[in-house]
Amino acid sequence: MAYTVPKLKDHSAKALDKASDNLLAALEKESKAVKNEEEWKIFRDRWMARKNGVLTQINDLWLKAAPVEAKPVFGQKVNWLKKHVEGMVEVTNKRLLFAQLPAKHVKSKKKIKVETIDLDAFARDLKHGLIASQSLDITLPGIRRPLGSEHPVIKTIHEIVSVFRNLGYSVQEGPVIETDYYNFEALNFPPNHPARDTQDTLFIACQESKPQRERLLLRTHTSPVQIRTMENMKPPVRIVIPGKVHRNDPPDASHSPMFHQVEGLAVDTNITFCDLKGTLDHAMKALFGSSVKTSFRPSFFPFTEPSAEMMVSCFICGGSGKRGAEPCRPCKQTGWIEILGCGMVDPNVYGFVDYDPKKVSGFAFGMGADRIAILKYGVDDIQLFFNGDVRFLEQFG
Ligand code: DAH
């Protein structure tokens with residue numbers, strides 16, 4: 001007689017054990033009787049169907065009907081039975097699949113232990129038609145699973161970061177959705193200061209009811225992490241900050257509304273502009289080859305004073321501005337490539353993070369990682385990095 005789930009009158013643990021032993025015995029018997037896929041489906045539904053399957057029934061007739069004090073024990077047992085039944089249904093299916101191994105293997109099949117075959121993979125491939133259920137041609141080439149490779153921008157970021165790690169810098173990260181305070185105000189961009197206009201900002205909508213400093217935006221540079229780090233770390237500080245930034249720039253060959261920067265900050269006693277120059281000169285030689293030269297031009301950033309733009313002698317034409325008879329395009333024939341912005345941390349910034357500008361000094365710098373990747377790999381369109389075309393990306397493997 002087919003097993004039916006009994007109602008339990010006695011809600012003791014002993015009665016429950018007995019009932020579940022009966023259930024398990026029935027489960028095993030029915031599993032053994034399954035001969036083919038159709039029977040397996042019936043078996044599966046009989047035990048697992050949401051509507052009126054055995055598992056649903058024990059939930060209703062045993063667990064729900066149990067008095068409150070017995071619920072914890074019943075709950076545990078019913079859960080355990082659930083797992084057991086699900087496992088058994090799966091094992092039964094695997095047994096059938098195993099039985100489908102091609103006839104030519106039948107002789108040795110007895111010797112093959114079930115554990116030596118990856119039955120999960122076998123079942124998957126069978127389902128996807130990668131193995132015909134009746135014959136398995138082991139001479140067919142295997143399924144090639146292509147190796148992934150690091151994205152060129154990420155690879156460039158790793159290279160830059162590792163140059164600074166070797167100098168003893170640690171890595172910090174911060175949120176991409178930032179407040180006005182960290183992105184601008186604490187970096188000495190006062191509200192309505194025209195320097196804000198140099199960074200076309202993407203603001204999060206519906207923030208007008210908040211005070212300006214709390215309003216959210218997509219960070220336009222990685223510099224806010226300088227503030228976040230100094231808030232939490234006493235000097236000396238030596239950090240690099242890789243990350244994504246956004247600006248409201250329409251996409252073209254050299255612009256993308258999303259791009260990447262690597263920022264740096266060193267604050268300690270007696271740090272001078274010479275330290276900045278020496279550190280960055282070393283870093284550029286490590287990145288682009290020992291023969292490159294660096295050159296600094298005055299510039300302006302609200303959070304550094306003095307500020308500079310750093311140029312690197314063109315590592316493509318060697319600084320000559322020419323490639324044979326042709327003009328060198330990456331350096332626009334000048335022999336120099338602008339690589340980053342930098343400067344000595346403005347004392348006003350220390351005021352926002354409780355550092356004493358009389359005791360400490362420091363330098364900061366920020367560079368565009370995508371631009372450096374473009375130069376390093378001779379890519380002529382930044383969009384290629386973000387279109388997700390595997391044919392382009394796999395060239396960097
Ligand atoms: N945050 C600047 C930008 O995105 C780049 C920069 C300039 C970063 C000077 C710095 C710095 O840390 O000192 O345009």
# chains A, B, ... in the order shown; residues from 1 in each chain; ligands from 1
>>> select_by_dssp(residues="segment 261-385 of chain A", states="strand (DSSP E)", output="JSON list (two decimals) with N, CA, C and O atoms, in the first residue's frame")
[["chain", "number", "residue", "atom", "x", "y", "z"],
["A", 261, "GLN", "N", 40.51, 57.39, -11.48],
["A", 261, "GLN", "CA", 41.66, 58.18, -11.03],
["A", 261, "GLN", "C", 42.47, 57.40, -10.00],
["A", 261, "GLN", "O", 41.94, 56.50, -9.34],
["A", 262, "VAL", "N", 43.73, 57.78, -9.89],
["A", 262, "VAL", "CA", 44.52, 57.33, -8.74],
["A", 262, "VAL", "C", 45.05, 58.59, -8.07],
["A", 262, "VAL", "O", 45.68, 59.43, -8.71],
["A", 263, "GLU", "N", 44.71, 58.71, -6.81],
["A", 263, "GLU", "CA", 45.05, 59.89, -6.02],
["A", 263, "GLU", "C", 46.17, 59.50, -5.05],
["A", 263, "GLU", "O", 46.30, 58.34, -4.69],
["A", 264, "GLY", "N", 46.94, 60.47, -4.62],
["A", 264, "GLY", "CA", 47.95, 60.17, -3.61],
["A", 264, "GLY", "C", 48.00, 61.29, -2.59],
["A", 264, "GLY", "O", 47.66, 62.44, -2.88],
["A", 265, "LEU", "N", 48.41, 60.93, -1.37],
["A", 265, "LEU", "CA", 48.52, 61.94, -0.31],
["A", 265, "LEU", "C", 49.63, 61.51, 0.65],
["A", 265, "LEU", "O", 49.67, 60.35, 1.08],
["A", 266, "ALA", "N", 50.52, 62.45, 0.94],
["A", 266, "ALA", "CA", 51.56, 62.20, 1.95],
["A", 266, "ALA", "C", 51.57, 63.38, 2.89],
["A", 266, "ALA", "O", 51.72, 64.53, 2.45],
["A", 267, "VAL", "N", 51.33, 63.13, 4.17],
["A", 267, "VAL", "CA", 51.37, 64.21, 5.17],
["A", 267, "VAL", "C", 52.26, 63.76, 6.32],
["A", 267, "VAL", "O", 52.12, 62.64, 6.83],
["A", 268, "ASP", "N", 53.16, 64.61, 6.71],
["A", 268, "ASP", "CA", 54.11, 64.26, 7.78],
["A", 268, "ASP", "C", 54.74, 65.57, 8.24],
["A", 268, "ASP", "O", 54.37, 66.64, 7.78],
["A", 294, "THR", "N", 60.62, 64.41, -15.97],
["A", 294, "THR", "CA", 59.39, 65.08, -15.54],
["A", 294, "THR", "C", 59.61, 66.59, -15.52],
["A", 294, "THR", "O", 60.74, 67.05, -15.39],
["A", 295, "SER", "N", 58.50, 67.30, -15.66],
["A", 295, "SER", "CA", 58.59, 68.76, -15.65],
["A", 295, "SER", "C", 57.32, 69.30, -15.00],
["A", 295, "SER", "O", 56.23, 68.74, -15.20],
["A", 296, "PHE", "N", 57.45, 70.33, -14.21],
["A", 296, "PHE", "CA", 56.31, 70.86, -13.46],
["A", 296, "PHE", "C", 55.97, 72.27, -13.92],
["A", 296, "PHE", "O", 56.88, 73.08, -14.13],
["A", 297, "ARG", "N", 54.67, 72.53, -14.07],
["A", 297, "ARG", "CA", 54.20, 73.87, -14.46],
["A", 297, "ARG", "C", 53.22, 74.36, -13.42],
["A", 297, "ARG", "O", 52.41, 73.56, -12.95],
["A", 298, "PRO", "N", 53.22, 75.65, -13.12],
["A", 298, "PRO", "CA", 52.25, 76.15, -12.14],
["A", 298, "PRO", "C", 50.82, 75.91, -12.60],
["A", 298, "PRO", "O", 50.54, 75.96, -13.79],
["A", 299, "SER", "N", 49.95, 75.65, -11.64],
["A", 299, "SER", "CA", 48.54, 75.42, -11.97],
["A", 299, "SER", "C", 47.70, 75.87, -10.78],
["A", 299, "SER", "O", 48.23, 76.47, -9.83],
["A", 300, "PHE", "N", 46.41, 75.54, -10.80],
["A", 300, "PHE", "CA", 45.57, 75.89, -9.65],
["A", 300, "PHE", "C", 44.62, 74.75, -9.30],
["A", 300, "PHE", "O", 43.93, 74.21, -10.16],
["A", 301, "PHE", "N", 44.63, 74.36, -8.05],
["A", 301, "PHE", "CA", 43.58, 73.51, -7.47],
["A", 301, "PHE", "C", 43.27, 74.11, -6.10],
["A", 301, "PHE", "O", 44.19, 74.52, -5.40],
["A", 304, "THR", "N", 45.26, 72.60, -3.01],
["A", 304, "THR", "CA", 46.73, 72.59, -2.93],
["A", 304, "THR", "C", 47.26, 73.99, -3.17],
["A", 304, "THR", "O", 46.69, 74.76, -3.95],
["A", 305, "GLU", "N", 48.37, 74.31, -2.50],
["A", 305, "GLU", "CA", 48.99, 75.62, -2.67],
["A", 305, "GLU", "C", 50.47, 75.51, -2.32],
["A", 305, "GLU", "O", 50.78, 75.22, -1.16],
["A", 306, "PRO", "N", 51.41, 75.64, -3.20],
["A", 306, "PRO", "CA", 51.18, 75.87, -4.62],
["A", 306, "PRO", "C", 50.69, 74.60, -5.32],
["A", 306, "PRO", "O", 50.84, 73.50, -4.80],
["A", 307, "SER", "N", 50.13, 74.79, -6.52],
["A", 307, "SER", "CA", 49.66, 73.65, -7.32],
["A", 307, "SER", "C", 50.48, 73.56, -8.60],
["A", 307, "SER", "O", 51.02, 74.57, -9.05],
["A", 308, "ALA", "N", 50.51, 72.36, -9.14],
["A", 308, "ALA", "CA", 51.28, 72.18, -10.39],
["A", 308, "ALA", "C", 50.63, 71.13, -11.27],
["A", 308, "ALA", "O", 49.86, 70.30, -10.80],
["A", 309, "GLU", "N", 50.98, 71.21, -12.55],
["A", 309, "GLU", "CA", 50.67, 70.12, -13.48],
["A", 309, "GLU", "C", 51.99, 69.46, -13.80],
["A", 309, "GLU", "O", 52.98, 70.16, -14.00],
["A", 310, "MET", "N", 51.98, 68.15, -13.80],
["A", 310, "MET", "CA", 53.25, 67.50, -14.09],
["A", 310, "MET", "C", 53.23, 66.91, -15.50],
["A", 310, "MET", "O", 52.26, 66.26, -15.89],
["A", 311, "MET", "N", 54.29, 67.15, -16.23],
["A", 311, "MET", "CA", 54.44, 66.60, -17.58],
["A", 311, "MET", "C", 55.50, 65.51, -17.53],
["A", 311, "MET", "O", 56.44, 65.58, -16.74],
["A", 312, "VAL", "N", 55.32, 64.53, -18.41],
["A", 312, "VAL", "CA", 56.34, 63.48, -18.56],
["A", 312, "VAL", "C", 56.84, 63.58, -20.00],
["A", 312, "VAL", "O", 56.04, 63.78, -20.92],
["A", 313, "SER", "N", 58.17, 63.44, -20.17],
["A", 313, "SER", "CA", 58.67, 63.48, -21.55],
["A", 313, "SER", "C", 58.04, 62.31, -22.30],
["A", 313, "SER", "O", 57.83, 61.23, -21.75],
["A", 322, "LYS", "N", 58.53, 63.67, -32.79],
["A", 322, "LYS", "CA", 58.40, 63.05, -34.13],
["A", 322, "LYS", "C", 58.55, 61.54, -34.05],
["A", 322, "LYS", "O", 59.30, 61.02, -33.22],
["A", 323, "ARG", "N", 57.81, 60.86, -34.93],
["A", 323, "ARG", "CA", 58.02, 59.41, -35.07],
["A", 323, "ARG", "C", 58.48, 59.19, -36.49],
["A", 323, "ARG", "O", 57.66, 59.15, -37.40],
["A", 326, "GLU", "N", 56.97, 61.24, -39.35],
["A", 326, "GLU", "CA", 55.60, 61.60, -38.94],
["A", 326, "GLU", "C", 55.60, 62.40, -37.64],
["A", 326, "GLU", "O", 56.45, 62.19, -36.79],
["A", 327, "PRO", "N", 54.59, 63.27, -37.46],
["A", 327, "PRO", "CA", 54.47, 63.95, -36.17],
["A", 327, "PRO", "C", 53.99, 62.97, -35.10],
["A", 327, "PRO", "O", 53.24, 62.05, -35.40],
["A", 336, "TRP", "N", 56.14, 66.37, -24.75],
["A", 336, "TRP", "CA", 55.72, 66.25, -23.34],
["A", 336, "TRP", "C", 54.25, 65.83, -23.25],
["A", 336, "TRP", "O", 53.44, 66.25, -24.07],
["A", 337, "ILE", "N", 53.95, 65.04, -22.25],
["A", 337, "ILE", "CA", 52.56, 64.61, -22.04],
["A", 337, "ILE", "C", 52.13, 65.00, -20.63],
["A", 337, "ILE", "O", 52.85, 64.69, -19.66],
["A", 338, "GLU", "N", 50.97, 65.66, -20.54],
["A", 338, "GLU", "CA", 50.50, 66.05, -19.21],
["A", 338, "GLU", "C", 49.91, 64.81, -18.53],
["A", 338, "GLU", "O", 49.06, 64.13, -19.08],
["A", 339, "ILE", "N", 50.40, 64.54, -17.32],
["A", 339, "ILE", "CA", 50.00, 63.29, -16.68],
["A", 339, "ILE", "C", 49.16, 63.50, -15.44],
["A", 339, "ILE", "O", 48.24, 62.74, -15.15],
["A", 340, "LEU", "N", 49.46, 64.51, -14.65],
["A", 340, "LEU", "CA", 48.70, 64.63, -13.39],
["A", 340, "LEU", "C", 48.71, 66.04, -12.84],
["A", 340, "LEU", "O", 49.49, 66.90, -13.26],
["A", 341, "GLY", "N", 47.80, 66.25, -11.86],
["A", 341, "GLY", "CA", 47.78, 67.48, -11.09],
["A", 341, "GLY", "C", 48.33, 67.19, -9.71],
["A", 341, "GLY", "O", 48.17, 66.08, -9.19],
["A", 342, "CYS", "N", 48.99, 68.18, -9.10],
["A", 342, "CYS", "CA", 49.58, 67.93, -7.79],
["A", 342, "CYS", "C", 49.82, 69.24, -7.06],
["A", 342, "CYS", "O", 49.56, 70.31, -7.61],
["A", 343, "GLY", "N", 50.31, 69.15, -5.85],
["A", 343, "GLY", "CA", 50.63, 70.36, -5.11],
["A", 343, "GLY", "C", 50.82, 70.06, -3.64],
["A", 343, "GLY", "O", 50.68, 68.92, -3.20],
["A", 344, "MET", "N", 51.13, 71.13, -2.90],
["A", 344, "MET", "CA", 51.27, 71.00, -1.45],
["A", 344, "MET", "C", 49.88, 71.23, -0.83],
["A", 344, "MET", "O", 49.18, 72.18, -1.21],
["A", 345, "VAL", "N", 49.50, 70.35, 0.09],
["A", 345, "VAL", "CA", 48.15, 70.43, 0.67],
["A", 345, "VAL", "C", 47.93, 71.84, 1.26],
["A", 345, "VAL", "O", 48.76, 72.33, 2.03],
["A", 361, "SER", "N", 52.99, 69.12, 7.16],
["A", 361, "SER", "CA", 52.84, 69.59, 5.77],
["A", 361, "SER", "C", 52.75, 68.34, 4.89],
["A", 361, "SER", "O", 53.06, 67.24, 5.34],
["A", 362, "GLY", "N", 52.31, 68.54, 3.65],
["A", 362, "GLY", "CA", 52.17, 67.35, 2.82],
["A", 362, "GLY", "C", 51.93, 67.69, 1.37],
["A", 362, "GLY", "O", 51.70, 68.85, 1.02],
["A", 363, "PHE", "N", 51.99, 66.66, 0.55],
["A", 363, "PHE", "CA", 51.67, 66.88, -0.86],
["A", 363, "PHE", "C", 50.60, 65.90, -1.31],
["A", 363, "PHE", "O", 50.35, 64.87, -0.65],
["A", 364, "ALA", "N", 49.95, 66.26, -2.41],
["A", 364, "ALA", "CA", 48.89, 65.40, -2.96],
["A", 364, "ALA", "C", 49.03, 65.40, -4.47],
["A", 364, "ALA", "O", 49.64, 66.31, -5.05],
["A", 365, "PHE", "N", 48.49, 64.37, -5.08],
["A", 365, "PHE", "CA", 48.49, 64.33, -6.55],
["A", 365, "PHE", "C", 47.32, 63.48, -7.02],
["A", 365, "PHE", "O", 46.77, 62.67, -6.24],
["A", 366, "GLY", "N", 46.90, 63.69, -8.26],
["A", 366, "GLY", "CA", 45.81, 62.88, -8.81],
["A", 366, "GLY", "C", 46.01, 62.71, -10.30],
["A", 366, "GLY", "O", 46.35, 63.67, -10.99],
["A", 367, "MET", "N", 45.84, 61.47, -10.76],
["A", 367, "MET", "CA", 46.02, 61.22, -12.20],
["A", 367, "MET", "C", 44.87, 60.39, -12.76],
["A", 367, "MET", "O", 44.21, 59.64, -12.04],
["A", 368, "GLY", "N", 44.64, 60.54, -14.05],
["A", 368, "GLY", "CA", 43.59, 59.78, -14.73],
["A", 368, "GLY", "C", 44.14, 58.45, -15.21],
["A", 368, "GLY", "O", 45.03, 58.40, -16.05]]
>>> closest_residue(among="A:Cys328, A:Ile143, A:Leu276, A:Ala66", to="Ala13 of chain A", atoms="only C-alpha atoms")
A:Ala66
>>> select_by_dssp(residues="segment 186-343 of chain A", states="helix (DSSP H, G or I)", output="MDAnalysis selection string")
chainID A and resid 186:187 194:198 212:214 224:232 273:288
>>> residues_around(residues="Leu375 of chain A", least_positions_apart="3", cutoff="12 Å", atoms="only C-alpha atoms", output="list of chain:residue names")
A:Pro152, A:Val153, A:Thr156, A:Ser254, A:Leu287, A:Phe288, A:Val312, A:Cys314, A:Phe315, A:Ile316, A:Cys317, A:Arg329, A:Pro330, A:Cys331, A:Ile337, A:Glu338, A:Ile339, A:Gly368, A:Ala369, A:Asp370, A:Arg371, A:Ile372, A:Gly378, A:Val379, A:Asp380, A:Asp381, A:Ile382
>>> write_last_selection(atoms="N, CA and C atoms", output="CSV table (one decimal), in the first residue's frame")
chain,number,residue,atom,x,y,z
A,152,PRO,N,42.4,46.3,-19.1
A,152,PRO,CA,43.6,47.2,-19.2
A,152,PRO,C,43.6,48.4,-18.2
A,153,VAL,N,42.4,48.9,-17.9
A,153,VAL,CA,42.4,50.0,-17.0
A,153,VAL,C,42.7,49.6,-15.6
A,156,THR,N,46.3,48.9,-15.3
A,156,THR,CA,47.1,50.1,-15.2
A,156,THR,C,47.0,50.6,-13.7
A,254,SER,N,37.9,60.9,-26.3
A,254,SER,CA,38.8,61.1,-25.1
A,254,SER,C,38.0,61.4,-23.8
A,287,LEU,N,56.9,53.7,-13.9
A,287,LEU,CA,55.8,53.3,-14.8
A,287,LEU,C,56.1,53.4,-16.3
A,288,PHE,N,56.9,54.3,-16.7
A,288,PHE,CA,57.1,54.5,-18.1
A,288,PHE,C,58.5,54.2,-18.6
A,312,VAL,N,55.3,64.5,-18.4
A,312,VAL,CA,56.3,63.5,-18.6
A,312,VAL,C,56.8,63.6,-20.0
A,314,CYS,N,57.7,62.6,-23.6
A,314,CYS,CA,56.9,61.6,-24.3
A,314,CYS,C,57.6,60.3,-24.4
A,315,PHE,N,57.0,59.2,-23.8
A,315,PHE,CA,57.7,57.9,-23.9
A,315,PHE,C,57.4,57.2,-25.2
A,316,ILE,N,56.7,57.8,-26.1
A,316,ILE,CA,56.4,57.2,-27.4
A,316,ILE,C,57.4,57.7,-28.4
A,317,CYS,N,57.7,59.0,-28.4
A,317,CYS,CA,58.7,59.5,-29.4
A,317,CYS,C,60.0,59.8,-28.7
A,329,ARG,N,51.6,62.0,-32.4
A,329,ARG,CA,50.3,62.5,-32.0
A,329,ARG,C,50.0,62.5,-30.5
A,330,PRO,N,50.4,61.4,-29.8
A,330,PRO,CA,50.0,61.5,-28.4
A,330,PRO,C,50.6,62.7,-27.6
A,331,CYS,N,51.7,63.2,-28.0
A,331,CYS,CA,52.3,64.4,-27.3
A,331,CYS,C,52.0,65.7,-28.1
A,337,ILE,N,53.9,65.0,-22.2
A,337,ILE,CA,52.6,64.6,-22.0
A,337,ILE,C,52.1,65.0,-20.6
A,338,GLU,N,51.0,65.7,-20.5
A,338,GLU,CA,50.5,66.0,-19.2
A,338,GLU,C,49.9,64.8,-18.5
A,339,ILE,N,50.4,64.5,-17.3
A,339,ILE,CA,50.0,63.3,-16.7
A,339,ILE,C,49.2,63.5,-15.4
A,368,GLY,N,44.6,60.5,-14.1
A,368,GLY,CA,43.6,59.8,-14.7
A,368,GLY,C,44.1,58.4,-15.2
A,369,ALA,N,43.6,57.4,-14.6
A,369,ALA,CA,44.2,56.0,-15.0
A,369,ALA,C,43.8,55.6,-16.4
A,370,ASP,N,42.6,56.0,-16.9
A,370,ASP,CA,42.2,55.6,-18.2
A,370,ASP,C,43.1,56.3,-19.3
A,371,ARG,N,43.5,57.6,-19.0
A,371,ARG,CA,44.3,58.3,-19.9
A,371,ARG,C,45.7,57.6,-20.0
A,372,ILE,N,46.2,57.2,-18.8
A,372,ILE,CA,47.5,56.6,-18.8
A,372,ILE,C,47.4,55.2,-19.5
A,378,GLY,N,48.5,52.5,-26.4
A,378,GLY,CA,48.3,53.1,-27.8
A,378,GLY,C,46.8,52.9,-28.2
A,379,VAL,N,45.9,53.1,-27.3
A,379,VAL,CA,44.5,53.0,-27.7
A,379,VAL,C,44.0,54.3,-28.1
A,380,ASP,N,43.2,54.4,-29.2
A,380,ASP,CA,42.8,55.7,-29.7
A,380,ASP,C,41.4,56.2,-29.3
A,381,ASP,N,40.7,55.3,-28.5
A,381,ASP,CA,39.3,55.7,-28.2
A,381,ASP,C,39.0,55.2,-26.8
A,382,ILE,N,38.7,56.1,-25.8
A,382,ILE,CA,38.5,55.6,-24.4
A,382,ILE,C,37.2,54.8,-24.4
>>> residues_around(residues="Lys210 of chain A", least_positions_apart="6", cutoff="12 Å", atoms="only C-alpha atoms", output="VMD selection string")
chain A and resid 179 to 180 204 216
>>> residues_around(residues="Pro67 of chain A", least_positions_apart="3", cutoff="12 Å", atoms="only C-alpha atoms", output="list in words")
Leu8, Lys9, Asp10, His11, Ser12, Leu61, Trp62, Leu63, Lys64, Ala70, Lys71, Pro72, Val73, Phe74 and Gly75 of chain A
>>> atom_distance(atom1="atom 6 (C, counted along the ligand's line) of ligand 1", atom2="atom CA of Val349 of chain A")
13.8 Å
